[in-house]
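S.K.: Got a structure for you, entry24.tsv, holding TSV, C-alpha atoms and all ligand atoms.
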chain	number	residue	atom	x	y	z
S	224	MET	CA	-2.62	-18.85	-6.28
S	225	GLU	CA	-1.56	-19.95	-9.75
S	226	GLU	CA	1.04	-18.16	-11.79
S	227	LYS	CA	-0.88	-16.78	-14.76
S	228	GLY	CA	0.43	-15.97	-18.22
S	229	SER	CA	3.53	-17.20	-20.01
S	230	PHE	CA	5.07	-13.84	-20.80
S	231	TRP	CA	5.68	-10.44	-19.21
S	232	TRP	CA	4.86	-6.91	-20.26
S	233	TYR	CA	7.48	-4.24	-20.16
S	234	VAL	CA	7.01	-0.49	-20.06
S	235	THR	CA	9.90	1.93	-20.41
S	236	ILE	CA	9.61	5.24	-18.61
S	237	GLU	CA	11.90	8.19	-19.12
S	238	SER	CA	12.56	10.99	-16.69
S	239	LYS	CA	14.35	14.29	-16.64
S	240	GLY	CA	16.00	15.47	-13.43
S	241	MET	CA	14.56	12.84	-11.11
S	242	GLU	CA	16.41	10.77	-8.50
S	243	GLU	CA	16.80	7.09	-9.44
S	244	GLU	CA	15.26	6.01	-6.14
S	245	THR	CA	12.14	8.10	-6.66
S	246	LEU	CA	11.67	6.79	-10.18
S	247	ILE	CA	11.98	3.17	-9.02
S	248	SER	CA	9.58	3.80	-6.13
S	249	LEU	CA	7.00	5.24	-8.52
S	250	VAL	CA	7.38	2.25	-10.81
S	251	ASP	CA	6.87	-0.07	-7.80
S	252	LEU	CA	3.80	1.90	-6.88
S	253	SER	CA	2.26	1.15	-10.29
S	254	GLY	CA	2.41	-2.60	-9.55
S	255	SER	CA	5.61	-3.54	-11.35
S	256	MET	CA	7.16	-6.86	-10.35
S	257	GLY	CA	10.68	-5.65	-11.04
S	258	SER	CA	12.56	-3.03	-12.98
S	259	GLU	CA	15.98	-2.16	-14.31
S	260	LEU	CA	17.65	1.15	-14.98
S	261	LEU	CA	18.68	1.66	-18.59
S	262	ASP	CA	21.96	3.15	-19.60
S	263	THR	CA	21.01	6.33	-21.41
S	264	GLN	CA	23.34	9.27	-21.86
S	265	ASP	CA	21.56	12.31	-20.52
S	266	LYS	CA	18.23	11.04	-19.20
S	267	LEU	CA	17.17	8.53	-16.64
S	268	ALA	CA	15.12	5.62	-18.00
S	269	VAL	CA	13.71	2.55	-16.34
S	270	LYS	CA	12.34	-0.61	-17.92
S	271	ALA	CA	9.62	-2.00	-15.67
S	272	TYR	CA	8.14	-5.50	-15.85
S	273	TYR	CA	4.48	-6.32	-15.31
S	274	ARG	CA	2.64	-9.60	-15.06
S	275	SER	CA	0.56	-10.70	-18.04
S	276	SER	CA	-2.41	-11.61	-15.84
S	277	HIS	CA	-3.68	-8.13	-16.80
S	278	ALA	CA	-3.76	-6.52	-20.25
S	279	LEU	CA	-1.03	-4.04	-21.12
S	280	GLU	CA	-3.66	-1.24	-21.22
S	281	TYR	CA	-4.46	-1.96	-17.56
S	282	TRP	CA	-0.84	-1.46	-16.53
S	283	ILE	CA	-0.47	1.64	-18.66
S	284	SER	CA	-3.48	3.20	-16.99
S	285	LYS	CA	-2.01	2.29	-13.56
S	286	ILE	CA	1.30	3.87	-14.55
S	287	ASN	CA	-0.40	7.00	-15.84
S	288	GLU	CA	-2.30	7.31	-12.55
S	289	VAL	CA	0.95	7.19	-10.59
S	290	LEU	CA	2.83	9.47	-13.01
S	291	GLU	CA	0.12	12.14	-13.16
S	292	PRO	CA	1.69	14.41	-10.51
S	293	TRP	CA	5.12	14.04	-12.18
S	294	PRO	CA	5.05	15.89	-15.52
S	295	THR	CA	8.73	15.19	-16.22
S	296	LEU	CA	8.04	11.46	-16.59
S	297	ARG	CA	6.73	9.84	-19.74
S	298	ILE	CA	6.24	6.39	-21.18
S	299	ILE	CA	8.51	5.94	-24.21
S	300	ASP	CA	8.04	2.27	-25.05
S	301	ALA	CA	5.97	-0.77	-24.07
S	302	GLY	CA	5.56	-4.34	-25.24
S	303	LYS	CA	5.70	-8.06	-24.58
S	304	ILE	CA	8.68	-10.14	-23.57
S	305	GLU	CA	8.64	-13.86	-24.03
S	306	ASN	CA	11.77	-14.15	-21.94
S	307	GLU	CA	11.05	-16.56	-19.09
S	308	ARG	CA	13.76	-15.13	-16.88
S	309	TRP	CA	11.38	-13.28	-14.60
S	310	HIS	CA	9.35	-16.42	-13.91
S	311	THR	CA	12.33	-18.13	-12.42
S	312	VAL	CA	13.85	-15.26	-10.53
S	313	TRP	CA	10.81	-13.57	-9.06
S	314	LYS	CA	10.30	-16.16	-6.33
S	315	GLU	CA	13.79	-15.44	-5.06
S	316	ALA	CA	13.15	-11.73	-5.29
S	317	PHE	CA	11.05	-11.68	-2.11
S	318	PRO	CA	13.17	-12.65	0.88
S	319	PRO	CA	11.53	-12.16	4.31
S	320	ILE	CA	11.75	-8.57	5.48
S	321	GLU	CA	11.57	-7.32	9.06
S	322	VAL	CA	9.55	-4.17	9.55
S	323	GLY	CA	9.30	-2.14	12.73
S	324	LYS	CA	9.98	-4.01	15.97
S	325	ALA	CA	7.33	-6.68	15.77
S	326	LEU	CA	6.60	-7.61	12.16
S	327	VAL	CA	8.13	-9.84	9.48
S	328	VAL	CA	6.64	-9.84	5.99
S	329	MET	CA	7.26	-12.82	3.77
S	330	ALA	CA	6.01	-14.66	0.72
S	331	PRO	CA	4.29	-17.96	1.62
S	332	TRP	CA	7.11	-20.14	0.22
S	333	HIS	CA	9.40	-18.86	3.00
S	334	LYS	CA	6.99	-19.83	5.75
S	335	ASP	CA	8.64	-23.12	6.70
S	336	SER	CA	12.24	-22.15	6.08
S	337	PHE	CA	12.17	-18.95	8.11
S	338	GLU	CA	12.85	-19.98	11.69
S	339	ASP	CA	14.36	-16.91	13.27
S	340	ARG	CA	11.09	-15.17	14.06
S	341	LYS	CA	12.23	-13.85	17.46
S	342	GLY	CA	8.62	-13.77	18.62
S	343	LYS	CA	7.62	-11.46	15.78
S	344	SER	CA	4.27	-11.51	14.00
S	345	VAL	CA	4.58	-13.01	10.54
S	346	LEU	CA	2.56	-11.43	7.72
S	347	LEU	CA	2.28	-13.78	4.75
S	348	VAL	CA	1.69	-11.94	1.49
S	349	TYR	CA	1.65	-13.54	-1.94
S	350	PRO	CA	3.34	-11.10	-4.34
S	351	GLY	CA	0.49	-10.87	-6.84
S	352	THR	CA	-0.69	-7.92	-8.89
S	353	ALA	CA	-2.12	-5.92	-5.96
S	354	PHE	CA	0.19	-3.36	-4.39
S	355	GLY	CA	1.54	-4.28	-0.96
S	356	THR	CA	4.32	-6.87	-0.90
S	357	GLY	CA	5.96	-5.06	2.02
S	358	TYR	CA	8.95	-3.96	-0.02
S	359	HIS	CA	7.79	-0.48	-0.85
S	360	GLU	CA	8.88	2.23	1.58
S	361	SER	CA	5.37	3.65	1.81
S	362	THR	CA	4.05	0.25	3.00
S	363	GLN	CA	6.90	-0.04	5.49
S	364	ILE	CA	6.13	3.40	6.89
S	365	ALA	CA	2.46	2.44	7.25
S	366	LEU	CA	3.38	-0.84	8.99
S	367	GLU	CA	5.76	0.86	11.40
S	368	LEU	CA	3.22	3.51	12.31
S	369	LEU	CA	0.47	0.92	12.58
S	370	GLU	CA	2.55	-1.11	15.00
S	371	LYS	CA	2.62	1.89	17.31
S	372	SER	CA	-1.02	2.82	16.80
S	373	VAL	CA	-3.17	-0.32	17.03
S	374	ASN	CA	-4.70	-0.97	20.44
S	375	GLN	CA	-6.16	-4.33	21.48
S	376	GLY	CA	-9.78	-4.58	20.36
S	377	ASP	CA	-9.62	-1.70	17.87
S	378	VAL	CA	-12.03	-1.45	14.96
S	379	VAL	CA	-10.00	-0.43	11.91
S	380	ALA	CA	-10.72	0.83	8.39
S	381	ASP	CA	-7.94	0.09	5.87
S	382	VAL	CA	-8.50	2.40	2.92
S	383	GLY	CA	-6.76	1.30	-0.29
S	384	THR	CA	-6.01	-2.15	1.05
S	385	GLY	CA	-4.20	-3.47	-2.08
S	386	SER	CA	-2.85	-6.89	-1.07
S	387	GLY	CA	-4.50	-6.52	2.36
S	388	ILE	CA	-1.11	-6.25	4.08
S	389	LEU	CA	-2.12	-3.47	6.48
S	390	ALA	CA	-5.43	-5.15	7.31
S	391	ILE	CA	-3.55	-8.37	8.11
S	392	ALA	CA	-1.05	-6.43	10.22
S	393	ALA	CA	-3.87	-4.71	12.12
S	394	VAL	CA	-5.40	-8.08	13.04
S	395	LYS	CA	-2.04	-9.50	14.11
S	396	LEU	CA	-1.47	-6.39	16.23
S	397	GLY	CA	-4.76	-6.88	18.08
S	398	ALA	CA	-7.60	-5.32	16.06
S	399	LYS	CA	-10.92	-7.09	16.60
S	400	LYS	CA	-12.45	-6.01	13.29
S	401	VAL	CA	-11.07	-4.53	10.06
S	402	PHE	CA	-12.93	-3.04	7.11
S	403	ALA	CA	-10.58	-3.47	4.17
S	404	ARG	CA	-11.59	-1.39	1.17
S	405	ASP	CA	-10.22	-0.62	-2.26
S	406	LEU	CA	-11.45	1.30	-5.27
S	407	ASP	CA	-10.05	-1.41	-7.55
S	408	PRO	CA	-12.27	-4.53	-7.52
S	409	ALA	CA	-9.40	-6.54	-9.02
S	410	VAL	CA	-7.53	-6.64	-5.70
S	411	LEU	CA	-10.34	-8.14	-3.62
S	412	GLU	CA	-9.63	-11.74	-4.59
S	413	GLU	CA	-5.98	-11.30	-3.62
S	414	VAL	CA	-6.94	-9.84	-0.25
S	415	GLU	CA	-9.21	-12.82	0.46
S	416	SER	CA	-6.45	-15.18	-0.55
S	417	ASN	CA	-3.88	-13.44	1.68
S	418	LEU	CA	-6.32	-13.51	4.61
S	419	LYS	CA	-6.62	-17.28	4.17
S	420	LEU	CA	-2.83	-17.64	4.00
S	421	ASN	CA	-2.65	-15.91	7.38
S	422	GLU	CA	-5.49	-18.06	8.78
S	423	ILE	CA	-7.49	-14.99	9.68
S	424	PRO	CA	-11.12	-15.92	10.50
S	425	GLU	CA	-13.50	-14.70	7.79
S	426	ASP	CA	-15.62	-12.52	10.07
S	427	LEU	CA	-12.63	-10.49	11.33
S	428	VAL	CA	-11.93	-8.70	8.07
S	429	GLU	CA	-14.70	-7.40	5.82
S	430	VAL	CA	-13.35	-6.88	2.32
S	431	GLU	CA	-15.25	-4.55	0.02
S	432	GLN	CA	-14.91	-2.38	-3.02
S	433	GLY	CA	-15.36	1.29	-2.20
S	434	ASN	CA	-14.10	4.78	-2.79
S	435	LEU	CA	-12.25	6.03	0.31
S	436	LEU	CA	-14.66	5.76	3.28
S	437	ASP	CA	-17.84	6.22	1.21
S	438	GLY	CA	-20.62	4.00	2.48
S	439	LEU	CA	-18.80	2.82	5.60
S	440	HIS	CA	-21.41	2.93	8.34
S	441	GLU	CA	-19.23	1.85	11.25
S	442	LEU	CA	-17.46	4.20	13.56
S	443	VAL	CA	-13.83	3.11	13.85
S	444	ASP	CA	-10.92	3.58	16.27
S	445	LEU	CA	-8.26	3.68	13.58
S	446	VAL	CA	-8.02	4.45	9.89
S	447	THR	CA	-5.04	3.45	7.82
S	448	ALA	CA	-4.51	4.73	4.28
S	449	ASN	CA	-1.44	4.33	2.10
S	450	ILE	CA	-2.55	5.95	-1.16
S	451	ILE	CA	-1.23	9.15	-2.74
S	452	PHE	CA	-1.69	12.84	-1.95
S	453	ASP	CA	-4.87	13.67	-3.91
S	454	PRO	CA	-7.10	10.83	-2.68
S	455	LEU	CA	-5.74	11.28	0.86
S	456	ILE	CA	-6.68	14.96	0.81
S	457	LYS	CA	-10.16	13.97	-0.43
S	458	LEU	CA	-10.43	11.44	2.41
S	459	LEU	CA	-9.79	13.98	5.19
S	460	PRO	CA	-13.19	15.76	5.36
S	461	SER	CA	-14.98	12.44	5.96
S	462	LEU	CA	-12.70	11.42	8.85
S	463	PRO	CA	-14.17	13.41	11.76
S	464	SER	CA	-17.50	11.62	11.31
S	465	LYS	CA	-16.02	8.13	10.86
S	466	LEU	CA	-13.32	8.13	13.54
S	467	LYS	CA	-14.16	8.04	17.22
S	468	LYS	CA	-13.02	11.02	19.25
S	469	GLY	CA	-9.41	10.30	20.16
S	470	GLY	CA	-9.22	7.87	17.22
S	471	ARG	CA	-6.07	7.78	15.12
S	472	ALA	CA	-5.31	7.80	11.42
S	473	VAL	CA	-2.14	6.45	9.82
S	474	PHE	CA	-1.34	8.04	6.46
S	475	SER	CA	1.37	6.99	4.05
S	476	GLY	CA	2.05	7.22	0.32
S	477	LEU	CA	3.11	10.86	0.57
S	478	VAL	CA	6.48	12.22	-0.51
S	479	LYS	CA	8.46	14.58	1.70
S	480	LYS	CA	7.55	17.71	-0.25
S	481	GLU	CA	3.85	16.98	0.41
S	482	ARG	CA	4.35	17.08	4.18
S	483	ASP	CA	3.54	20.75	4.84
S	484	PRO	CA	0.33	20.95	2.80
S	485	PHE	CA	-0.82	17.65	4.29
S	486	ILE	CA	-0.17	18.79	7.88
S	487	SER	CA	-2.13	22.00	7.18
S	488	ALA	CA	-5.01	19.93	5.80
S	489	LEU	CA	-4.96	17.76	8.95
S	490	GLN	CA	-5.07	20.84	11.16
S	491	GLU	CA	-8.03	22.19	9.19
S	492	ILE	CA	-10.11	19.14	10.16
S	493	GLY	CA	-9.01	19.45	13.80
S	494	PHE	CA	-6.51	16.58	13.82
S	495	LYS	CA	-3.36	16.63	15.93
S	496	VAL	CA	-0.10	15.16	14.61
S	497	LEU	CA	1.16	12.41	16.96
S	498	GLU	CA	4.11	11.09	14.99
S	499	GLU	CA	5.86	11.51	11.66
S	500	THR	CA	8.40	9.34	9.90
S	501	THR	CA	10.32	9.15	6.62
S	502	LYS	CA	12.00	6.48	4.49
S	503	GLY	CA	13.83	7.52	1.34
S	504	ASP	CA	11.65	10.15	-0.31
S	505	TRP	CA	8.52	8.94	1.45
S	506	TRP	CA	6.80	10.45	4.45
S	507	GLY	CA	4.04	9.18	6.76
S	508	VAL	CA	2.14	10.45	9.75
S	509	VAL	CA	-0.16	9.40	12.60
S	510	ALA	CA	-2.80	11.96	13.46
S	511	GLN	CA	-5.49	12.03	16.13
S	512	ASN	CA	-9.07	13.17	15.97
S	513	THR	CA	-9.24	15.71	18.76
S	514	SER	CA	-12.29	17.53	17.49
S	515	GLY	CA	-15.93	16.45	17.61
S	516	GLY	CA	-16.00	12.83	16.59
S	517	GLN	CA	-18.79	10.43	17.45
S	518	SER	CA	-19.23	8.38	20.56
S	519	GLU	CA	-21.30	5.54	19.14
S	520	ASN	CA	-21.92	3.72	15.89
S	521	ARG	CA	-23.99	5.57	13.34
U	601	LIG	C1	-0.14	2.27	-2.61
U	601	LIG	S1	-1.37	1.04	-2.66
U	601	LIG	C2	-1.38	0.54	-0.94
U	601	LIG	C3	-1.60	-0.93	-0.74
U	601	LIG	C4	-1.40	-1.41	0.70
U	601	LIG	N1	-2.38	-0.83	1.58
U	601	LIG	C5	0.00	-1.06	1.19
U	601	LIG	O1	0.09	-0.27	2.14
U	601	LIG	O2	0.97	-1.57	0.65
U	601	LIG	C6	-2.81	2.06	-2.79
U	601	LIG	C7	-4.13	1.30	-2.98
U	601	LIG	O3	-5.16	2.27	-2.90
U	601	LIG	C8	-6.16	1.99	-3.84
U	601	LIG	N2	-6.89	3.25	-4.10
U	601	LIG	C9	-6.53	4.28	-4.89
U	601	LIG	N3	-7.46	5.26	-4.82
U	601	LIG	C10	-8.42	4.83	-3.96
U	601	LIG	C11	-9.65	5.38	-3.48
U	601	LIG	N4	-10.08	6.58	-3.89
U	601	LIG	N5	-10.40	4.66	-2.60
U	601	LIG	C12	-9.99	3.43	-2.19
U	601	LIG	N6	-8.83	2.86	-2.62
U	601	LIG	C13	-8.07	3.54	-3.49
U	601	LIG	C14	-5.39	1.44	-5.03
U	601	LIG	O4	-6.22	0.65	-5.86
U	601	LIG	C15	-4.29	0.63	-4.34
U	601	LIG	O5	-4.66	-0.71	-4.16
Once more with this new file: its structure as structure tokens, please.
M.R.:
Amino acid sequence: MEEKGSFWWYVTIESKGMEEETLISLVDLSGSMGSELLDTQDKLAVKAYYRSSHALEYWISKINEVLEPWPTLRIIDAGKIENERWHTVWKEAFPPIEVGKALVVMAPWHKDSFEDRKGKSVLLVYPGTAFGTGYHESTQIALELLEKSVNQGDVVADVGTGSGILAIAAVKLGAKKVFARDLDPAVLEEVESNLKLNEIPEDLVEVEQGNLLDGLHELVDLVTANIIFDPLIKLLPSLPSKLKKGGRAVFSGLVKKERDPFISALQEIGFKVLEETTKGDWWGVVAQNTSGGQSENR
């Protein structure tokens, strides 16, 4: 994949009464390639950098999407930087990262230099504009839970696939088929490219644009979804008819304070919580379809 654009966009976001870590995580979630905290007297501000392969308006709409549930955050400045610094440093900004017991995520340029794999599965992800480099805590939670949830031969739906990282992990963990879907058509090319990097046969992962599970006609063993609270809540009612009885769903992208309402929503659709985990402010869960469900493809 070619490096596009000869400049970077920056967007400065200001917050009142928010933890630094949460602010940086939200900025990551919007697709930023890096950020720095600004030294302001009474407020917290972060300057976030975005690649110029998309227009500034695109990034601002992404940021606004992520900031919507956080009324204390606002964009105070945005613009172009000609500074080339980020071009040279960003390749070094993605060292290999071990996740869970069995996975290592790395950018493709580390492939040959990283020898100490200790029998782990390597997930190669090019850090492009799609979310899912492996560095965000919500992705790490999803990967850890996925590692414990994928059974050999599973059929999986990865909702909000972003870079395709969870779909790739599912295949490496033994899934025989993955439906990787995203609302944003812009990510699909990156998913295809990451699948090729990982030498995953074309027919194993079907990549498509789609809202949540709308239009998916397969019955699956496992659903994975690292999005945010509102779309995840909207996804729940469709799950009992798309997941086999006994099938599992891995949810991430939720912050700790969203745990209780999310668990209640899971119980309402007859799902049982199998495991929960946290990292920083983020929370994730594996739940099982104990009610109804289907026994064959529809
Ligand atoms: C936080 S990223 C997760 C990316 C990757 N799966 C990971 O775990 O790192 C969320 C992704 O969900 C997608 N998304 C948001 N709303 C969606 C919806 N209603 N249906 C499908 N995908 C959606 C976004 O475009 C984005 O790529």
S.K.: If you take every atom of range 475-493 of chain S that the file lists and fit an axis-aligned box around them with 4 Å extra on each side, what centre and edge lengths come out in Å to one decimal, as lines of an AutoDock Vina configuration file?
M.R.:
center_x = -0.8
center_y = 14.6
center_z = 6.6
size_x = 26.6
size_y = 23.2
size_z = 22.3
S.K.: Taking 2 positions as the minimum chain separation for residues in the same chain, which residues sit within 8 Å of range 471-484 of chain S when counting all atoms listed in the file? Answer as a PyMOL selection string.
M.R.: chain S and resi 361-362+364-365+368-369+372+444-452+455+466+469+486-488+501+504-512
S.K.: Please produce a file of those selected residues containing C-alpha atoms, as a PDB file, in the frame of the given file.
M.R.:
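Output file again.pdb follows:
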ATOM      1  CA  SER S 361       5.370   3.650   1.810  1.00  0.00           C
ATOM      2  CA  THR S 362       4.050   0.250   3.000  1.00  0.00           C
ATOM      3  CA  ILE S 364       6.130   3.400   6.890  1.00  0.00           C
ATOM      4  CA  ALA S 365       2.460   2.440   7.250  1.00  0.00           C
ATOM      5  CA  LEU S 368       3.220   3.510  12.310  1.00  0.00           C
ATOM      6  CA  LEU S 369       0.470   0.920  12.580  1.00  0.00           C
ATOM      7  CA  SER S 372      -1.020   2.820  16.800  1.00  0.00           C
ATOM      8  CA  ASP S 444     -10.920   3.580  16.270  1.00  0.00           C
ATOM      9  CA  LEU S 445      -8.260   3.680  13.580  1.00  0.00           C
ATOM     10  CA  VAL S 446      -8.020   4.450   9.890  1.00  0.00           C
ATOM     11  CA  THR S 447      -5.040   3.450   7.820  1.00  0.00           C
ATOM     12  CA  ALA S 448      -4.510   4.730   4.280  1.00  0.00           C
ATOM     13  CA  ASN S 449      -1.440   4.330   2.100  1.00  0.00           C
ATOM     14  CA  ILE S 450      -2.550   5.950  -1.160  1.00  0.00           C
ATOM     15  CA  ILE S 451      -1.230   9.150  -2.740  1.00  0.00           C
ATOM     16  CA  PHE S 452      -1.690  12.840  -1.950  1.00  0.00           C
ATOM     17  CA  LEU S 455      -5.740  11.280   0.860  1.00  0.00           C
ATOM     18  CA  LEU S 466     -13.320   8.130  13.540  1.00  0.00           C
ATOM     19  CA  GLY S 469      -9.410  10.300  20.160  1.00  0.00           C
ATOM     20  CA  ILE S 486      -0.170  18.790   7.880  1.00  0.00           C
ATOM     21  CA  SER S 487      -2.130  22.000   7.180  1.00  0.00           C
ATOM     22  CA  ALA S 488      -5.010  19.930   5.800  1.00  0.00           C
ATOM     23  CA  THR S 501      10.320   9.150   6.620  1.00  0.00           C
ATOM     24  CA  ASP S 504      11.650  10.150  -0.310  1.00  0.00           C
ATOM     25  CA  TRP S 505       8.520   8.940   1.450  1.00  0.00           C
ATOM     26  CA  TRP S 506       6.800  10.450   4.450  1.00  0.00           C
ATOM     27  CA  GLY S 507       4.040   9.180   6.760  1.00  0.00           C
ATOM     28  CA  VAL S 508       2.140  10.450   9.750  1.00  0.00           C
ATOM     29  CA  VAL S 509      -0.160   9.400  12.600  1.00  0.00           C
ATOM     30  CA  ALA S 510      -2.800  11.960  13.460  1.00  0.00           C
ATOM     31  CA  GLN S 511      -5.490  12.030  16.130  1.00  0.00           C
ATOM     32  CA  ASN S 512      -9.070  13.170  15.970  1.00  0.00           C
TER      33      ASN S 512
END
S.K.: Residues up to 6 Å from ligand LIG 601 (chain U), counting only C-alpha atoms and all ligand atoms: could you list those as JSON, numbers by chain?
M.R.: {"S": [252, 354, 355, 362, 382, 383, 384, 385, 386, 388, 389, 405, 406, 407, 433, 434, 435, 449, 450, 454]}
S.K.: Can I get the selected residues back with C-alpha atoms, as a PDB file, keeping the file's coordinate frame?
M.R.:
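Generated output (out_10.pdb):
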ATOM      1  CA  LEU S 252       3.800   1.900  -6.880  1.00  0.00           C
ATOM      2  CA  PHE S 354       0.190  -3.360  -4.390  1.00  0.00           C
ATOM      3  CA  GLY S 355       1.540  -4.280  -0.960  1.00  0.00           C
ATOM      4  CA  THR S 362       4.050   0.250   3.000  1.00  0.00           C
ATOM      5  CA  VAL S 382      -8.500   2.400   2.920  1.00  0.00           C
ATOM      6  CA  GLY S 383      -6.760   1.300  -0.290  1.00  0.00           C
ATOM      7  CA  THR S 384      -6.010  -2.150   1.050  1.00  0.00           C
ATOM      8  CA  GLY S 385      -4.200  -3.470  -2.080  1.00  0.00           C
ATOM      9  CA  SER S 386      -2.850  -6.890  -1.070  1.00  0.00           C
ATOM     10  CA  ILE S 388      -1.110  -6.250   4.080  1.00  0.00           C
ATOM     11  CA  LEU S 389      -2.120  -3.470   6.480  1.00  0.00           C
ATOM     12  CA  ASP S 405     -10.220  -0.620  -2.260  1.00  0.00           C
ATOM     13  CA  LEU S 406     -11.450   1.300  -5.270  1.00  0.00           C
ATOM     14  CA  ASP S 407     -10.050  -1.410  -7.550  1.00  0.00           C
ATOM     15  CA  GLY S 433     -15.360   1.290  -2.200  1.00  0.00           C
ATOM     16  CA  ASN S 434     -14.100   4.780  -2.790  1.00  0.00           C
ATOM     17  CA  LEU S 435     -12.250   6.030   0.310  1.00  0.00           C
ATOM     18  CA  ASN S 449      -1.440   4.330   2.100  1.00  0.00           C
ATOM     19  CA  ILE S 450      -2.550   5.950  -1.160  1.00  0.00           C
ATOM     20  CA  PRO S 454      -7.100  10.830  -2.680  1.00  0.00           C
TER      21      PRO S 454
END
S.K.: For a cut-off of 6 Å around (2.9, -4.0, -22.6), file coordinates, pick out all residues using all atoms listed in the file and list them as an MDAnalysis selection string.
M.R.: chainID S and resid 232:234 279 301:303
S.K.: Using all atoms listed in the file, which protein or nucleic acid residues come within 12 Å of Glu242 in chain S? Drop anything in the same chain fewer than 3 positions from it, and give the result as a PDB file with C-alpha atoms, keeping the file's coordinate frame.
M.R.:
ATOM      1  CA  GLU S 237      11.900   8.190 -19.120  1.00  0.00           C
ATOM      2  CA  SER S 238      12.560  10.990 -16.690  1.00  0.00           C
ATOM      3  CA  LYS S 239      14.350  14.290 -16.640  1.00  0.00           C
ATOM      4  CA  THR S 245      12.140   8.100  -6.660  1.00  0.00           C
ATOM      5  CA  LEU S 246      11.670   6.790 -10.180  1.00  0.00           C
ATOM      6  CA  ILE S 247      11.980   3.170  -9.020  1.00  0.00           C
ATOM      7  CA  SER S 248       9.580   3.800  -6.130  1.00  0.00           C
ATOM      8  CA  LEU S 249       7.000   5.240  -8.520  1.00  0.00           C
ATOM      9  CA  LEU S 260      17.650   1.150 -14.980  1.00  0.00           C
ATOM     10  CA  LYS S 266      18.230  11.040 -19.200  1.00  0.00           C
ATOM     11  CA  LEU S 267      17.170   8.530 -16.640  1.00  0.00           C
ATOM     12  CA  ALA S 268      15.120   5.620 -18.000  1.00  0.00           C
ATOM     13  CA  VAL S 269      13.710   2.550 -16.340  1.00  0.00           C
ATOM     14  CA  THR S 295       8.730  15.190 -16.220  1.00  0.00           C
ATOM     15  CA  LEU S 296       8.040  11.460 -16.590  1.00  0.00           C
ATOM     16  CA  GLY S 503      13.830   7.520   1.340  1.00  0.00           C
ATOM     17  CA  ASP S 504      11.650  10.150  -0.310  1.00  0.00           C
TER      18      ASP S 504
END
S.K.: I'd like the interatomic distance between CA of Ala271 in chain S and CA of Asp251 in chain S, to a tenth of an Å.
M.R.: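 These two atoms are separated by 8.6 Å.
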S.K.: Give me the residues within 7 Å of range 327-337 of chain S as a PDB file with C-alpha atoms, keeping the file's coordinate frame, counting only C-alpha atoms and dropping any in the same chain fewer than 6 places off.
M.R.:
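Produced file result05.pdb, reproduced below:
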ATOM      1  CA  PHE S 317      11.050 -11.680  -2.110  1.00  0.00           C
ATOM      2  CA  PRO S 318      13.170 -12.650   0.880  1.00  0.00           C
ATOM      3  CA  PRO S 319      11.530 -12.160   4.310  1.00  0.00           C
ATOM      4  CA  ILE S 320      11.750  -8.570   5.480  1.00  0.00           C
ATOM      5  CA  GLU S 321      11.570  -7.320   9.060  1.00  0.00           C
ATOM      6  CA  LYS S 343       7.620 -11.460  15.780  1.00  0.00           C
ATOM      7  CA  SER S 344       4.270 -11.510  14.000  1.00  0.00           C
ATOM      8  CA  VAL S 345       4.580 -13.010  10.540  1.00  0.00           C
ATOM      9  CA  LEU S 346       2.560 -11.430   7.720  1.00  0.00           C
ATOM     10  CA  LEU S 347       2.280 -13.780   4.750  1.00  0.00           C
ATOM     11  CA  VAL S 348       1.690 -11.940   1.490  1.00  0.00           C
ATOM     12  CA  TYR S 349       1.650 -13.540  -1.940  1.00  0.00           C
ATOM     13  CA  PRO S 350       3.340 -11.100  -4.340  1.00  0.00           C
ATOM     14  CA  GLY S 357       5.960  -5.060   2.020  1.00  0.00           C
TER      15      GLY S 357
END
S.K.: Counting all atoms listed in the file, which residue out of S:Glu413, S:Phe402, S:Lys371, S:Gly438 sits closest to Glu499 in chain S?
M.R.: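 Comparing S:Glu413, S:Phe402, S:Lys371, S:Gly438 against Glu499 in chain S, the winner is S:Lys371.
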S.K.: Kindly reconstruct range 451-458 of chain S with N, CA and C atoms and present the result as a PDB file, keeping the file's coordinate frame.
M.R.:
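Writing done, so here's result.pdb:
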ATOM      1  N   ILE S 451      -2.100   8.030  -2.335  1.00  0.00           N
ATOM      2  CA  ILE S 451      -1.230   9.150  -2.740  1.00  0.00           C
ATOM      3  C   ILE S 451      -1.927  10.445  -2.332  1.00  0.00           C
ATOM      4  N   PHE S 452      -1.238  11.556  -2.485  1.00  0.00           N
ATOM      5  CA  PHE S 452      -1.690  12.840  -1.950  1.00  0.00           C
ATOM      6  C   PHE S 452      -3.160  13.168  -2.273  1.00  0.00           C
ATOM      7  N   ASP S 453      -3.529  13.179  -3.551  1.00  0.00           N
ATOM      8  CA  ASP S 453      -4.870  13.670  -3.910  1.00  0.00           C
ATOM      9  C   ASP S 453      -6.003  12.883  -3.253  1.00  0.00           C
ATOM     10  N   PRO S 454      -6.016  11.549  -3.385  1.00  0.00           N
ATOM     11  CA  PRO S 454      -7.100  10.830  -2.680  1.00  0.00           C
ATOM     12  C   PRO S 454      -7.038  10.988  -1.159  1.00  0.00           C
ATOM     13  N   LEU S 455      -5.828  11.107  -0.601  1.00  0.00           N
ATOM     14  CA  LEU S 455      -5.740  11.280   0.860  1.00  0.00           C
ATOM     15  C   LEU S 455      -6.358  12.610   1.279  1.00  0.00           C
ATOM     16  N   ILE S 456      -6.089  13.645   0.501  1.00  0.00           N
ATOM     17  CA  ILE S 456      -6.680  14.960   0.810  1.00  0.00           C
ATOM     18  C   ILE S 456      -8.211  14.873   0.713  1.00  0.00           C
ATOM     19  N   LYS S 457      -8.697  14.124  -0.276  1.00  0.00           N
ATOM     20  CA  LYS S 457     -10.160  13.970  -0.430  1.00  0.00           C
ATOM     21  C   LYS S 457     -10.760  13.170   0.729  1.00  0.00           C
ATOM     22  N   LEU S 458      -9.946  12.283   1.300  1.00  0.00           N
ATOM     23  CA  LEU S 458     -10.430  11.440   2.410  1.00  0.00           C
ATOM     24  C   LEU S 458     -10.647  12.261   3.694  1.00  0.00           C
TER      25      LEU S 458
END
